[in-house]
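Below: query.tsv (TSV, C-alpha atoms and all ligand atoms)
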```tsv
chain	number	residue	atom	x	y	z
A	44	MET	CA	235.88	96.24	142.09
A	45	HIS	CA	238.54	93.65	141.27
A	46	LYS	CA	237.60	90.17	142.41
A	47	LEU	CA	240.71	89.83	144.58
A	48	ALA	CA	240.19	93.21	146.19
A	49	ARG	CA	236.63	92.22	147.02
A	50	LEU	CA	237.88	88.97	148.52
A	51	GLY	CA	240.39	90.93	150.60
A	52	MET	CA	237.68	93.28	151.86
A	53	PHE	CA	235.57	90.29	152.78
A	54	ALA	CA	238.45	88.70	154.68
A	55	ILE	CA	239.04	91.93	156.61
A	56	ALA	CA	235.35	92.31	157.39
A	57	ALA	CA	235.14	88.68	158.53
A	58	THR	CA	238.19	89.14	160.77
A	59	LEU	CA	236.77	92.33	162.25
A	60	GLY	CA	233.47	90.58	162.81
A	61	ALA	CA	235.12	87.76	164.71
A	62	ALA	CA	237.24	90.18	166.71
A	63	SER	CA	234.31	92.35	167.67
A	64	ALA	CA	232.36	89.29	168.81
A	65	ALA	CA	235.26	88.34	171.06
A	66	HIS	CA	235.75	91.87	172.40
A	67	ALA	CA	232.17	93.01	172.34
A	68	GLN	CA	231.43	96.48	173.56
A	69	PHE	CA	228.05	97.01	175.07
A	70	ALA	CA	225.88	100.04	174.42
A	71	LYS	CA	224.86	100.18	178.07
A	72	PRO	CA	225.54	98.25	181.30
A	73	GLU	CA	222.10	96.61	181.10
A	74	ASP	CA	223.11	95.05	177.79
A	75	ALA	CA	226.26	93.56	179.32
A	76	ILE	CA	224.22	92.15	182.20
A	77	ARG	CA	221.60	90.67	179.89
A	78	TYR	CA	224.36	89.24	177.70
A	79	ARG	CA	226.18	87.42	180.50
A	80	GLN	CA	222.93	86.21	182.07
A	81	SER	CA	221.78	84.94	178.67
A	82	VAL	CA	225.03	83.04	178.18
A	83	MET	CA	224.74	81.47	181.61
A	84	PHE	CA	221.12	80.52	180.90
A	85	LEU	CA	222.30	78.71	177.79
A	86	GLN	CA	225.14	77.08	179.71
A	87	ALA	CA	222.64	75.66	182.21
A	88	GLN	CA	220.44	74.37	179.36
A	89	HIS	CA	223.26	72.64	177.51
A	90	LEU	CA	225.00	71.30	180.59
A	91	GLY	CA	221.62	70.01	181.75
A	92	ARG	CA	221.19	68.02	178.52
A	93	ILE	CA	224.51	66.28	179.10
A	94	GLY	CA	223.71	65.95	182.80
A	95	ALA	CA	220.49	64.10	181.99
A	96	MET	CA	222.49	61.44	180.13
A	97	VAL	CA	225.19	61.29	182.77
A	98	LYS	CA	222.55	60.74	185.45
A	99	GLY	CA	220.65	58.20	183.36
A	100	ALA	CA	217.49	60.31	183.07
A	101	ARG	CA	217.94	60.26	179.28
A	102	PRO	CA	219.43	57.54	177.11
A	103	TYR	CA	223.07	58.09	176.20
A	104	ASP	CA	223.57	59.43	172.70
A	105	LYS	CA	227.06	60.33	171.55
A	106	ASP	CA	225.88	62.85	168.95
A	107	VAL	CA	223.75	64.68	171.49
A	108	ALA	CA	226.67	64.76	173.92
A	109	VAL	CA	229.05	66.12	171.28
A	110	ALA	CA	226.61	68.75	170.02
A	111	ASN	CA	225.99	70.07	173.53
A	112	ALA	CA	229.66	69.93	174.51
A	113	GLN	CA	230.58	71.92	171.41
A	114	VAL	CA	228.14	74.64	172.41
A	115	LEU	CA	229.45	74.60	175.98
A	116	GLU	CA	233.05	74.95	174.85
A	117	GLN	CA	232.15	78.06	172.88
A	118	LEU	CA	229.86	79.50	175.55
A	119	ALA	CA	232.63	79.18	178.16
A	120	ARG	CA	234.53	81.96	176.37
A	121	LEU	CA	231.72	84.46	176.36
A	122	PRO	CA	230.44	85.75	179.70
A	123	TRP	CA	233.69	87.31	180.93
A	124	GLN	CA	233.81	90.27	178.55
A	125	ALA	CA	230.38	91.26	179.93
A	126	PHE	CA	231.70	91.80	183.46
A	127	GLY	CA	233.31	95.13	182.62
A	128	ALA	CA	233.69	98.07	184.97
A	129	GLY	CA	230.37	99.74	185.72
A	130	THR	CA	228.30	96.61	185.19
A	131	ASP	CA	227.83	95.81	188.89
A	132	GLN	CA	224.66	97.97	188.93
A	133	GLY	CA	224.98	98.85	192.60
A	134	GLY	CA	224.41	95.30	193.79
A	135	GLN	CA	221.12	94.86	191.91
A	136	THR	CA	222.27	91.63	190.34
A	137	ARG	CA	223.75	88.56	192.02
A	138	ALA	CA	227.24	89.50	190.84
A	139	LEU	CA	229.43	89.99	193.92
A	140	PRO	CA	232.00	92.83	194.23
A	141	ALA	CA	234.71	90.14	194.43
A	142	ILE	CA	234.43	89.86	190.63
A	143	TRP	CA	236.03	93.30	190.31
A	144	LYS	CA	238.30	92.99	193.37
A	145	ASP	CA	239.70	89.49	193.18
A	146	THR	CA	240.34	89.60	189.46
A	147	ALA	CA	243.08	86.97	189.43
A	148	LYS	CA	240.87	84.44	191.17
A	149	PHE	CA	237.92	85.26	188.90
A	150	GLU	CA	240.14	84.79	185.86
A	151	GLY	CA	241.31	81.49	187.31
A	152	GLU	CA	237.70	80.30	187.37
A	153	GLN	CA	237.25	81.45	183.79
A	154	LYS	CA	240.27	79.44	182.68
A	155	LYS	CA	239.07	76.42	184.63
A	156	LEU	CA	235.71	76.53	182.85
A	157	MET	CA	237.33	76.91	179.43
A	158	ASP	CA	239.74	74.03	180.13
A	159	ASN	CA	237.08	71.78	181.62
A	160	THR	CA	234.59	72.35	178.81
A	161	SER	CA	237.32	71.58	176.25
A	162	ALA	CA	238.00	68.35	178.15
A	163	LEU	CA	234.26	67.63	178.17
A	164	LEU	CA	234.12	67.96	174.39
A	165	LYS	CA	237.09	65.61	173.96
A	166	ALA	CA	235.42	63.12	176.31
A	167	ALA	CA	232.14	63.41	174.39
A	168	GLN	CA	233.95	62.70	171.14
A	169	THR	CA	235.31	59.39	172.45
A	170	GLY	CA	231.77	58.04	172.50
A	171	ASP	CA	232.41	56.54	175.93
A	172	LEU	CA	229.77	57.30	178.55
A	173	GLY	CA	232.27	56.64	181.34
A	174	ALA	CA	234.61	59.29	179.95
A	175	LEU	CA	231.69	61.71	179.60
A	176	LYS	CA	230.73	61.14	183.23
A	177	GLN	CA	234.29	61.77	184.38
A	178	ALA	CA	234.56	65.01	182.45
A	179	PHE	CA	231.10	66.24	183.46
A	180	GLY	CA	231.94	66.54	187.17
A	181	PRO	CA	234.72	69.13	186.83
A	182	VAL	CA	232.51	71.36	184.64
A	183	ALA	CA	229.60	71.29	187.10
A	184	GLN	CA	232.06	71.76	189.96
A	185	THR	CA	233.51	74.84	188.26
A	186	CYS	CA	230.04	76.38	187.88
A	187	LYS	CA	229.58	75.81	191.58
A	188	SER	CA	232.95	77.05	192.83
A	189	CYS	CA	232.68	80.23	190.77
A	190	HIS	CA	229.13	80.85	192.01
A	191	ASP	CA	230.22	80.18	195.61
A	192	ASP	CA	232.83	82.92	195.44
A	193	PHE	CA	231.42	85.38	192.95
A	194	ARG	CA	227.62	85.09	193.03
A	195	LYS	CA	225.19	85.99	195.78
A	196	ASP	CA	223.44	82.92	197.29
A	201	LIG	C1	223.68	74.15	186.36
A	201	LIG	C2	223.49	75.43	186.92
A	201	LIG	C3	224.51	75.68	187.74
A	201	LIG	C4	225.43	74.54	187.73
A	201	LIG	C5	225.71	74.01	189.09
A	201	LIG	C6	226.57	72.79	189.02
A	201	LIG	O1	222.96	73.61	185.55
A	201	LIG	O2	222.49	76.26	186.70
A	201	LIG	O3	224.72	76.75	188.43
A	201	LIG	O4	224.82	73.58	186.86
A	201	LIG	O5	224.54	73.72	189.74
A	201	LIG	O6	227.03	72.45	190.27
```
Step by step, read the file and then write its structure as structure tokens.
Ligand code: ASC
Amino acid sequence: MHKLARLGMFAIAATLGAASAAHAQFAKPEDAIRYRQSVMFLQAQHLGRIGAMVKGARPYDKDVAVANAQVLEQLARLPWQAFGAGTDQGGQTRALPAIWKDTAKFEGEQKKLMDNTSALLKAAQTGDLGALKQAFGPVAQTCKSCHDDFRKD
């Protein structure tokens, strides 16, 4: 195959790969549930690492803050595609029916998390612990407000 044609095929494959990651289809509802729960597990881990510095339990380290904030910014985009129709599993998870009823509000929480994690990354990149502390609150608060409305207990 011509070099350029091969390059073109690669570009198309790479684009499709990125698109399918962003619009993942799940083989079965259990996979969607495991996916979103896995993402939220990671979110708790990475937010916790920044939280430890914000609360003074760990020494402040700009590089650690940035690395974790980068992961959080990416993770914030991921869980939502895994809340598709038919993934409520008859109330066997902590996902509340409001997720599928009050879609606009749920999407508002999604946007808040994406915006607040982007702000957290920018704050981390300043290297200023005070800025990191300020940006940490809104992220944790968004976890909480979304769980209050859309998660059981
Ligand atoms: C976490 C976690 C949450 C949020 C929330 C912040 O680490 O598991 O649900 O932070 O507690 O208020």
* Nearest residue to Ala119 (chain A) from the set A:Leu156, A:Ala141, A:Ala100, A:Ala147 (distances using only C-alpha atoms) ->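 Looking at the shortest contact to Ala119 (chain A), the residue is A:Leu156.
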Edge lengths and centre, in Å to one decimal, as lines of an AutoDock Vina configuration file: that's what I need for the box along x, y and z that holds all listed atoms of ligand LIG 201 (chain A) plus 3 Å on each side.
```
center_x = 224.8
center_y = 74.6
center_z = 187.9
size_x = 10.5
size_y = 10.3
size_z = 10.7
```
* Asked: How would you write, as a PyMOL selection string, the set of residues no farther than 12 Å from ligand LIG 201 (chain A) when counting all atoms listed in the file?
  -> chain A and resi 80-95+115+156+179-191+193-196
* **Neighbour list for Thr130 (chain A) as number ranges by chain, cut-off 9 Å, all atoms listed in the file, skip fewer than 3 positions in-chain** => A: 71-73, 75-76, 125-127, 133
* Asked: Using all atoms listed in the file, which of A:Ala162, A:Leu121, A:Ala138, A:Val109 sits nearest Ala178 (chain A)?
  -> A:Ala162
Spatial neighbours of Gln177 (chain A), 9 Å, all atoms listed in the file, chain gap at least 4 places, as an mmCIF file with C-alpha atoms, keeping the file's coordinate frame:
```cif
data_model
loop_
_atom_site.group_PDB
_atom_site.id
_atom_site.type_symbol
_atom_site.label_atom_id
_atom_site.label_comp_id
_atom_site.auth_asym_id
_atom_site.auth_seq_id
_atom_site.Cartn_x
_atom_site.Cartn_y
_atom_site.Cartn_z
ATOM 1 C CA LEU A 163 234.260 67.630 178.170
ATOM 2 C CA ALA A 166 235.420 63.120 176.310
ATOM 3 C CA LEU A 172 229.770 57.300 178.550
ATOM 4 C CA GLY A 173 232.270 56.640 181.340
ATOM 5 C CA PRO A 181 234.720 69.130 186.830
#
```
* To do: For CA of Ala108 (chain A) and CA of Ser161 (chain A), quote the distance in Å rounded to one decimal.
  => 12.9 Å
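The space between CA of Glu116 (chain A) and CA of Arg79 (chain A) spans 15.3 Å.
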* To do: Could you check how far CA of Lys98 (chain A) sits from CA of Ala174 (chain A), in Å to one decimal?
  =>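 CA of Lys98 (chain A) sits 13.3 Å away from CA of Ala174 (chain A).
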* **Counting all atoms listed in the file, the residue of A:Phe69, A:Gln135, A:Ala112, A:Arg77 that sits nearest Leu175 (chain A)** => A:Ala112
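Minimum distance to Gln68 (chain A) across A:Gly134, A:Pro102, A:Asp145, A:Trp123 (counting all atoms listed in the file) occurs at A:Trp123.
Nearest to Asp171 (chain A) of all the residues A:Leu118, A:Met96, A:Tyr78, A:Lys105 is A:Lys105, based on all atoms listed in the file.
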* Asked: A:Asp104, A:Asp192, A:Gly170, A:Gln113: which is nearest Gly151 (chain A), counting all atoms listed in the file?
  ->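 Closest residue, counting all atoms listed in the file: A:Asp192.
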Final all heavy atoms of region 113-124 of chain A as a PDB file, keeping the file's coordinate frame:
```
ATOM      1  N   GLN A 113     230.028  70.903 172.317  1.00  0.00           N
ATOM      2  CA  GLN A 113     230.580  71.920 171.410  1.00  0.00           C
ATOM      3  C   GLN A 113     230.035  73.303 171.765  1.00  0.00           C
ATOM      4  O   GLN A 113     230.766  74.287 171.808  1.00  0.00           O
ATOM      5  CB  GLN A 113     230.220  71.595 169.951  1.00  0.00           C
ATOM      6  CG  GLN A 113     231.101  70.526 169.357  1.00  0.00           C
ATOM      7  CD  GLN A 113     230.622  70.054 167.990  1.00  0.00           C
ATOM      8  OE1 GLN A 113     229.435  70.152 167.674  1.00  0.00           O
ATOM      9  NE2 GLN A 113     231.532  69.525 167.197  1.00  0.00           N
ATOM     10  N   VAL A 114     228.753  73.358 172.022  1.00  0.00           N
ATOM     11  CA  VAL A 114     228.140  74.640 172.410  1.00  0.00           C
ATOM     12  C   VAL A 114     228.751  75.128 173.721  1.00  0.00           C
ATOM     13  O   VAL A 114     229.105  76.304 173.858  1.00  0.00           O
ATOM     14  CB  VAL A 114     226.608  74.500 172.510  1.00  0.00           C
ATOM     15  CG1 VAL A 114     225.989  75.784 173.030  1.00  0.00           C
ATOM     16  CG2 VAL A 114     226.016  74.137 171.162  1.00  0.00           C
ATOM     17  N   LEU A 115     228.901  74.210 174.674  1.00  0.00           N
ATOM     18  CA  LEU A 115     229.450  74.600 175.980  1.00  0.00           C
ATOM     19  C   LEU A 115     230.877  75.119 175.875  1.00  0.00           C
ATOM     20  O   LEU A 115     231.253  76.072 176.567  1.00  0.00           O
ATOM     21  CB  LEU A 115     229.391  73.416 176.946  1.00  0.00           C
ATOM     22  CG  LEU A 115     227.998  73.097 177.496  1.00  0.00           C
ATOM     23  CD1 LEU A 115     228.006  71.732 178.196  1.00  0.00           C
ATOM     24  CD2 LEU A 115     227.521  74.182 178.459  1.00  0.00           C
ATOM     25  N   GLU A 116     231.666  74.493 174.996  1.00  0.00           N
ATOM     26  CA  GLU A 116     233.050  74.950 174.850  1.00  0.00           C
ATOM     27  C   GLU A 116     233.080  76.400 174.342  1.00  0.00           C
ATOM     28  O   GLU A 116     233.885  77.213 174.795  1.00  0.00           O
ATOM     29  CB  GLU A 116     233.832  74.037 173.899  1.00  0.00           C
ATOM     30  CG  GLU A 116     235.311  74.349 173.904  1.00  0.00           C
ATOM     31  CD  GLU A 116     236.076  73.705 172.764  1.00  0.00           C
ATOM     32  OE1 GLU A 116     235.564  73.678 171.625  1.00  0.00           O
ATOM     33  OE2 GLU A 116     237.195  73.231 173.010  1.00  0.00           O
ATOM     34  N   GLN A 117     232.203  76.689 173.408  1.00  0.00           N
ATOM     35  CA  GLN A 117     232.150  78.060 172.880  1.00  0.00           C
ATOM     36  C   GLN A 117     231.572  79.032 173.909  1.00  0.00           C
ATOM     37  O   GLN A 117     232.095  80.130 174.109  1.00  0.00           O
ATOM     38  CB  GLN A 117     231.317  78.099 171.586  1.00  0.00           C
ATOM     39  CG  GLN A 117     231.956  77.347 170.435  1.00  0.00           C
ATOM     40  CD  GLN A 117     233.355  77.838 170.107  1.00  0.00           C
ATOM     41  OE1 GLN A 117     233.586  79.041 170.001  1.00  0.00           O
ATOM     42  NE2 GLN A 117     234.298  76.920 169.977  1.00  0.00           N
ATOM     43  N   LEU A 118     230.502  78.621 174.561  1.00  0.00           N
ATOM     44  CA  LEU A 118     229.860  79.500 175.550  1.00  0.00           C
ATOM     45  C   LEU A 118     230.820  79.882 176.672  1.00  0.00           C
ATOM     46  O   LEU A 118     230.742  80.983 177.213  1.00  0.00           O
ATOM     47  CB  LEU A 118     228.613  78.831 176.142  1.00  0.00           C
ATOM     48  CG  LEU A 118     227.402  78.672 175.225  1.00  0.00           C
ATOM     49  CD1 LEU A 118     226.297  77.881 175.939  1.00  0.00           C
ATOM     50  CD2 LEU A 118     226.865  80.036 174.776  1.00  0.00           C
ATOM     51  N   ALA A 119     231.718  78.947 177.021  1.00  0.00           N
ATOM     52  CA  ALA A 119     232.630  79.180 178.160  1.00  0.00           C
ATOM     53  C   ALA A 119     233.523  80.397 177.929  1.00  0.00           C
ATOM     54  O   ALA A 119     234.057  80.974 178.878  1.00  0.00           O
ATOM     55  CB  ALA A 119     233.482  77.943 178.411  1.00  0.00           C
ATOM     56  N   ARG A 120     233.674  80.802 176.670  1.00  0.00           N
ATOM     57  CA  ARG A 120     234.530  81.960 176.370  1.00  0.00           C
ATOM     58  C   ARG A 120     233.802  83.286 176.517  1.00  0.00           C
ATOM     59  O   ARG A 120     234.436  84.344 176.511  1.00  0.00           O
ATOM     60  CB  ARG A 120     235.016  81.886 174.914  1.00  0.00           C
ATOM     61  CG  ARG A 120     235.734  80.617 174.552  1.00  0.00           C
ATOM     62  CD  ARG A 120     235.779  80.473 173.029  1.00  0.00           C
ATOM     63  NE  ARG A 120     236.290  79.170 172.644  1.00  0.00           N
ATOM     64  CZ  ARG A 120     237.586  78.907 172.464  1.00  0.00           C
ATOM     65  NH1 ARG A 120     238.473  79.852 172.600  1.00  0.00           N
ATOM     66  NH2 ARG A 120     237.977  77.693 172.134  1.00  0.00           N
ATOM     67  N   LEU A 121     232.491  83.244 176.610  1.00  0.00           N
ATOM     68  CA  LEU A 121     231.720  84.460 176.360  1.00  0.00           C
ATOM     69  C   LEU A 121     231.351  85.367 177.539  1.00  0.00           C
ATOM     70  O   LEU A 121     231.321  86.580 177.368  1.00  0.00           O
ATOM     71  CB  LEU A 121     230.424  84.091 175.609  1.00  0.00           C
ATOM     72  CG  LEU A 121     230.623  83.436 174.242  1.00  0.00           C
ATOM     73  CD1 LEU A 121     229.265  83.159 173.595  1.00  0.00           C
ATOM     74  CD2 LEU A 121     231.477  84.282 173.325  1.00  0.00           C
ATOM     75  N   PRO A 122     231.027  84.836 178.704  1.00  0.00           N
ATOM     76  CA  PRO A 122     230.440  85.750 179.700  1.00  0.00           C
ATOM     77  C   PRO A 122     231.397  86.821 180.200  1.00  0.00           C
ATOM     78  O   PRO A 122     230.970  87.903 180.591  1.00  0.00           O
ATOM     79  CB  PRO A 122     230.051  84.829 180.873  1.00  0.00           C
ATOM     80  CG  PRO A 122     230.106  83.448 180.346  1.00  0.00           C
ATOM     81  CD  PRO A 122     231.071  83.460 179.206  1.00  0.00           C
ATOM     82  N   TRP A 123     232.700  86.521 180.176  1.00  0.00           N
ATOM     83  CA  TRP A 123     233.690  87.310 180.930  1.00  0.00           C
ATOM     84  C   TRP A 123     233.802  88.738 180.432  1.00  0.00           C
ATOM     85  O   TRP A 123     233.973  89.673 181.220  1.00  0.00           O
ATOM     86  CB  TRP A 123     235.032  86.577 180.888  1.00  0.00           C
ATOM     87  CG  TRP A 123     234.829  85.097 180.953  1.00  0.00           C
ATOM     88  CD1 TRP A 123     235.236  84.173 180.031  1.00  0.00           C
ATOM     89  CD2 TRP A 123     234.115  84.350 181.965  1.00  0.00           C
ATOM     90  NE1 TRP A 123     234.826  82.914 180.408  1.00  0.00           N
ATOM     91  CE2 TRP A 123     234.137  82.993 181.576  1.00  0.00           C
ATOM     92  CE3 TRP A 123     233.462  84.702 183.143  1.00  0.00           C
ATOM     93  CZ2 TRP A 123     233.533  81.981 182.331  1.00  0.00           C
ATOM     94  CZ3 TRP A 123     232.852  83.703 183.891  1.00  0.00           C
ATOM     95  CH2 TRP A 123     232.903  82.365 183.491  1.00  0.00           C
ATOM     96  N   GLN A 124     233.711  88.925 179.122  1.00  0.00           N
ATOM     97  CA  GLN A 124     233.810  90.270 178.550  1.00  0.00           C
ATOM     98  C   GLN A 124     232.632  91.146 179.012  1.00  0.00           C
ATOM     99  O   GLN A 124     232.684  92.364 178.888  1.00  0.00           O
ATOM    100  CB  GLN A 124     233.777  90.160 177.027  1.00  0.00           C
ATOM    101  CG  GLN A 124     232.483  89.492 176.567  1.00  0.00           C
ATOM    102  CD  GLN A 124     232.432  89.157 175.107  1.00  0.00           C
ATOM    103  OE1 GLN A 124     232.551  90.032 174.282  1.00  0.00           O
ATOM    104  NE2 GLN A 124     232.271  87.881 174.796  1.00  0.00           N
TER     105      GLN A 124
END
```
